[in-house]
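Asks: run01.txt is reproduced below (compact mmCIF, C-alpha atoms).
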# COMPACT_ATOMS: atom_id res chain seq x y z
CA MET A 109 112.67 75.57 110.32
CA PHE A 110 110.44 78.62 110.61
CA TYR A 111 110.11 78.87 106.83
CA LEU A 112 109.08 75.19 106.65
CA PHE A 113 106.40 75.98 109.24
CA LEU A 114 105.14 78.80 106.99
CA ILE A 115 104.98 76.59 103.91
CA ILE A 116 103.12 73.75 105.65
CA ASN A 117 100.55 76.10 107.19
CA SER A 118 100.04 77.90 103.89
CA TYR A 119 99.45 74.62 102.11
CA LEU A 120 96.89 73.47 104.70
CA VAL A 121 94.98 76.74 104.47
CA PHE A 122 94.98 76.66 100.67
CA ILE A 123 93.61 73.10 100.70
CA MET A 124 90.68 74.29 102.84
CA TYR A 125 89.83 77.05 100.33
CA LYS A 126 90.93 75.33 97.12
CA LYS A 127 87.69 76.08 95.25
CA TYR A 128 88.72 79.75 95.13
CA PHE A 129 92.23 79.17 93.84
CA GLU A 130 93.37 78.45 90.35
CA LEU A 131 97.09 78.03 89.93
CA ASN A 132 98.00 81.09 87.92
CA LEU A 133 100.80 83.63 87.97
CA PHE A 134 98.90 86.03 90.24
CA ILE A 135 98.38 83.37 92.93
CA ILE A 136 102.02 82.27 92.79
CA ILE A 137 103.36 85.84 93.00
CA ALA A 138 100.98 86.70 95.85
CA TYR A 139 102.02 83.56 97.74
CA ILE A 140 105.72 84.38 97.33
CA LEU A 141 105.11 87.97 98.46
CA LEU A 142 103.17 86.73 101.48
CA ASN A 143 106.11 84.63 102.61
CA LEU A 144 108.68 87.35 101.85
CA ILE A 145 106.70 89.91 103.86
CA THR A 146 106.50 87.47 106.75
CA ILE A 147 110.26 86.88 106.65
CA VAL A 148 110.86 90.66 106.70
CA VAL A 149 108.55 90.98 109.71
CA TYR A 150 110.29 87.99 111.36
CA TYR A 151 113.60 89.84 111.38
CA ASN A 152 112.05 93.03 112.80
CA LYS A 153 109.68 91.69 115.47
CA SER A 154 109.40 88.89 118.00
CA VAL A 155 108.54 85.34 116.98
CA ILE A 156 105.04 85.52 118.50
CA ASP A 157 104.30 88.79 116.69
CA THR A 158 105.52 87.23 113.47
CA ILE A 159 103.34 84.14 113.86
CA ILE A 160 100.28 86.27 114.64
CA PHE A 161 101.10 88.51 111.67
CA TYR A 162 101.53 85.48 109.42
CA TYR A 163 98.13 84.04 110.29
CA ILE A 164 96.54 87.46 109.81
CA MET A 165 98.23 87.63 106.41
CA ILE A 166 96.94 84.18 105.44
CA LEU A 167 93.39 85.17 106.35
CA LEU A 168 93.73 88.48 104.53
CA TYR A 169 95.15 86.69 101.50
CA LEU A 170 92.09 84.44 101.43
CA SER A 171 89.79 87.45 101.81
CA PHE A 172 91.67 89.22 99.01
CA ILE A 173 91.18 86.36 96.55
CA ILE A 174 87.56 85.66 97.49
CA ASP A 175 86.62 89.35 97.37
CA ILE A 176 88.11 89.77 93.91
CA LYS A 177 86.36 86.65 92.58
CA GLU A 178 83.00 86.83 94.35
CA MET A 179 82.81 90.35 95.86
CA TRP A 180 82.17 89.23 99.45
CA ILE A 181 84.30 88.85 102.54
CA SER A 182 83.85 85.75 104.67
CA ASP A 183 82.81 86.21 108.29
CA LEU A 184 85.13 83.32 109.14
CA THR A 185 88.15 85.31 108.03
CA ILE A 186 86.87 88.45 109.78
CA PHE A 187 86.45 86.60 113.09
CA GLY A 188 89.83 84.91 112.64
CA VAL A 189 91.57 88.25 112.14
CA LEU A 190 89.58 89.72 115.05
CA GLY A 191 90.75 86.93 117.36
CA LEU A 192 94.37 87.34 116.30
CA LYS A 193 94.27 91.14 116.65
CA LEU A 194 92.74 90.85 120.13
CA LEU A 195 95.40 88.27 121.08
CA LYS A 196 98.06 90.71 119.91
CA ALA A 197 96.41 93.49 121.94
CA VAL A 198 96.50 91.34 125.08
CA LEU A 199 100.14 90.38 124.49
CA ASP A 200 101.06 94.03 123.86
CA TYR A 201 99.28 95.03 127.04
CA PHE A 202 101.31 92.58 129.12
CA ALA A 203 104.57 93.33 127.30
CA TYR A 204 104.33 97.14 127.19
CA ASN A 205 101.54 97.85 129.69
CA LYS A 206 99.74 99.76 126.93
CA SER A 207 96.64 99.07 124.93
CA PHE A 208 95.69 100.86 121.73
CA VAL A 209 92.41 99.01 121.34
CA TYR A 210 90.12 101.62 122.90
CA GLU A 211 91.36 104.52 120.81
CA GLY A 212 91.07 102.60 117.55
CA ILE A 213 87.64 101.16 118.36
CA ILE A 214 86.16 104.54 119.34
CA PHE A 215 87.46 106.29 116.23
CA ILE A 216 86.47 103.56 113.78
CA THR A 217 82.99 103.34 115.37
CA ILE A 218 82.51 107.05 114.71
CA LEU A 219 83.64 106.57 111.09
CA ILE A 220 81.27 103.63 110.58
CA ILE A 221 78.33 105.59 112.01
CA MET A 222 79.12 108.49 109.68
CA LEU A 223 79.34 106.15 106.68
CA VAL A 224 76.07 104.40 107.53
CA LEU A 225 74.32 107.77 107.94
CA LEU A 226 75.72 108.91 104.60
CA GLN A 227 74.44 105.72 102.96
CA VAL A 228 70.98 106.29 104.44
CA ILE A 229 70.91 109.93 103.30
CA LEU A 230 72.13 109.14 99.77
CA LYS A 231 70.07 105.92 99.59
CA LYS A 232 73.01 104.22 97.93
CA GLU A 233 75.46 101.61 99.19
CA LEU A 234 78.88 103.24 99.28
CA MET A 235 80.78 100.41 100.90
CA GLY A 236 79.77 96.83 101.60
CA PHE A 237 79.28 95.65 105.16
CA GLY A 238 82.08 93.10 104.76
CA ASP A 239 84.44 95.94 103.88
CA LEU A 240 83.32 97.84 106.98
CA LYS A 241 83.93 94.81 109.19
CA LEU A 242 87.34 94.27 107.61
CA PHE A 243 88.28 97.92 108.10
CA PHE A 244 87.06 97.80 111.70
CA VAL A 245 89.02 94.66 112.54
CA LEU A 246 92.24 95.86 110.93
CA SER A 247 92.03 99.17 112.81
CA ILE A 248 91.80 97.65 116.28
CA ASN A 249 95.45 98.00 117.36
CA TYR A 250 96.02 101.35 115.65
CA PHE A 251 96.27 104.89 116.95
CA VAL A 252 93.83 107.36 115.40
CA ASN A 253 96.42 108.72 112.97
CA ASN A 254 97.14 105.21 111.66
CA VAL A 255 93.40 104.61 111.16
CA ILE A 256 93.29 107.80 109.09
CA TYR A 257 96.33 106.64 107.10
CA LEU A 258 94.65 103.27 106.52
CA LEU A 259 91.49 104.98 105.29
CA MET A 260 93.35 107.39 103.01
CA LEU A 261 95.73 104.80 101.58
CA SER A 262 92.97 102.26 100.95
CA SER A 263 90.90 104.98 99.23
CA ILE A 264 93.81 105.94 96.98
CA ILE A 265 94.47 102.29 96.11
CA GLY A 266 90.73 101.77 95.49
CA ILE A 267 90.59 104.75 93.12
CA ILE A 268 93.63 103.48 91.20
CA TYR A 269 92.11 99.98 91.04
CA TYR A 270 88.79 101.41 89.82
CA TYR A 271 90.41 103.33 86.98
CA LEU A 272 92.69 100.46 85.93
CA PHE A 273 90.08 97.70 85.97
CA ARG A 274 86.84 99.61 85.43
CA LYS A 275 84.54 96.97 83.96
CA LYS A 276 81.43 97.86 85.88
CA ASN A 277 80.24 100.38 88.41
CA GLU A 278 81.10 98.16 91.38
CA PHE A 279 84.47 96.92 92.46
CA PRO A 280 85.72 95.00 95.50
CA PHE A 281 87.13 97.43 98.06
CA GLY A 282 88.46 94.74 100.41
CA PRO A 283 91.69 94.20 98.44
CA SER A 284 92.42 97.94 98.67
CA ILE A 285 92.01 97.84 102.45
CA ILE A 286 94.22 94.76 102.68
CA ILE A 287 97.00 96.24 100.53
CA ALA A 288 96.91 99.47 102.56
CA TYR A 289 97.10 97.46 105.80
CA VAL A 290 100.13 95.49 104.58
CA ILE A 291 101.88 98.70 103.51
CA LEU A 292 101.24 100.31 106.91
CA GLU A 293 102.48 97.21 108.74
CA LEU A 294 105.72 97.24 106.77
CA ILE A 295 106.42 100.92 107.40
Could you write out this structure as structure tokens?

Replies:
Amino acid sequence: MFYLFLIINSYLVFIMYKKYFELNLFIIIAYILLNLITIVVYYNKSVIDTIIFYYIMILLYLSFIIDIKEMWISDLTIFGVLGLKLLKAVLDYFAYNKSFVYEGIIFITILIIMLVLLQVILKKELMGFGDLKLFFVLSINYFVNNVIYLLMLSSIIGIIYYYLFRKKNEFPFGPSIIIAYVILELI
């Protein structure tokens, strides 16, 4: 029953964004991986956490595809992930009487200020604003050490991606952040 729920919701989301999707092997493999990851999370967490994680994954999947094709990240997906992460923070607060939101927000704000200052000093865009928003939103429920892991892992994945698919000087960094986030969530 739960898997049927996943398939129906995935189909409805893909219909909404169908102009970005061509049915190719990459899309099919990514869709299968999305559902397999959700099933793994389902067996390790509560149902509500799994549903929230699944919708975050759908939105990140859409951001991944759009960022690769058009090199921008939709504000709609950013706000959707933000809402889901804040919902998870509220549920975690009531379930465990703890909130990790403040620590993550303070640390990521410092990182963003440092990056913006570096961009002003170098007079060169190092990272797009959509990537910054995505990184900020995904770091909300993390401790500082997990934010550092997310930054390091996404940088390593970005470097590998750059050297494998170096066609021009720019490359979408959003997919690297998304892959790093999924890896950290599964660990």

Asks: To one decimal place in Å, what is the distance between atom CA of A:Asp200 and atom CA of A:Asp239?

Replies: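 It comes out at 26.1 Å.
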
Asks: Counting all atoms listed in the file, which of A:Val252, A:Ile186, A:Ile291, A:Leu194 gets nearest to A:Ile218?

Replies: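 Counting all atoms listed in the file, the residue closest to A:Ile218 is A:Val252.
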
Asks: So which residues fall inside 9 Å of (91.0, 105.6, 103.0) if we count all atoms listed in the file? Mind giving them as a count of residues only?

Replies: 15

Asks: For A:Gly191, which of A:Phe279, A:Phe251, A:Phe161, A:Tyr269 is the closest residue, counting all atoms listed in the file?

Replies: A:Phe161

Asks: May I ask for the distance between atom CA of A:Ala203 and atom CA of A:Val155, given in Å to one decimal place?

Replies: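 Between these atoms lies a distance of 13.6 Å.
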
Asks: What does the distance from atom CA of A:Phe243 to atom CA of A:Ile164 come to in Å, to one decimal?

Replies: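 Answer for the atom CA of A:Phe243 to atom CA of A:Ile164 separation: 13.4 Å.
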
Asks: Leaving out A:Ile145 and any residue of its chain fewer than 6 positions from it, which residues lie within 9 Å of it when counting all atoms listed in the file, given as number ranges by chain?

Replies: A: 162, 290, 294

Asks: Choose the residue, out of A:Tyr163, A:Leu292, A:Leu195, A:Pro280, that has the smallest atom-to-atom separation from A:Gly238; count all atoms listed in the file.

Replies: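 Result for the nearest residue to A:Gly238: A:Pro280.
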
Asks: Excluding A:Gly236 and residues on its chain fewer than 4 positions from it, collect all residues at most 12 Å away from it, counting only C-alpha atoms, and give them as a list in words.

Replies: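 Selected residues are Asp175, Met179, Trp180, Ile181, Ile220, Leu223, Val224, Gln227, Lys232, Leu240, Lys241, Leu242, Phe243, Glu278, Phe279, Pro280, Phe281 and Gly282 of chain A.
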
Asks: What's the 12 Å shell around A:Ile160, counting all atoms listed in the file, without same-chain residues fewer than 2 positions away, as a VMD selection string?

Replies: chain A and resid 114 146 149 to 150 153 to 158 162 to 167 188 to 197 199

Asks: Mind checking which residues fall within 8 Å of A:Pro283, counting all atoms listed in the file, ignoring those fewer than 5 positions away in the same chain, and posting them as a ChimeraX atom specification?

Replies: /A:171-172,175-176

Asks: Just C-alpha atoms for this one: save the residues we selected as a compact mmCIF listing (two decimals), in the frame of the given file.

Replies:
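Listing of selection05.txt after writing:
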# COMPACT_ATOMS: atom_id res chain seq x y z
CA SER A 171 89.79 87.45 101.81
CA PHE A 172 91.67 89.22 99.01
CA ASP A 175 86.62 89.35 97.37
CA ILE A 176 88.11 89.77 93.91
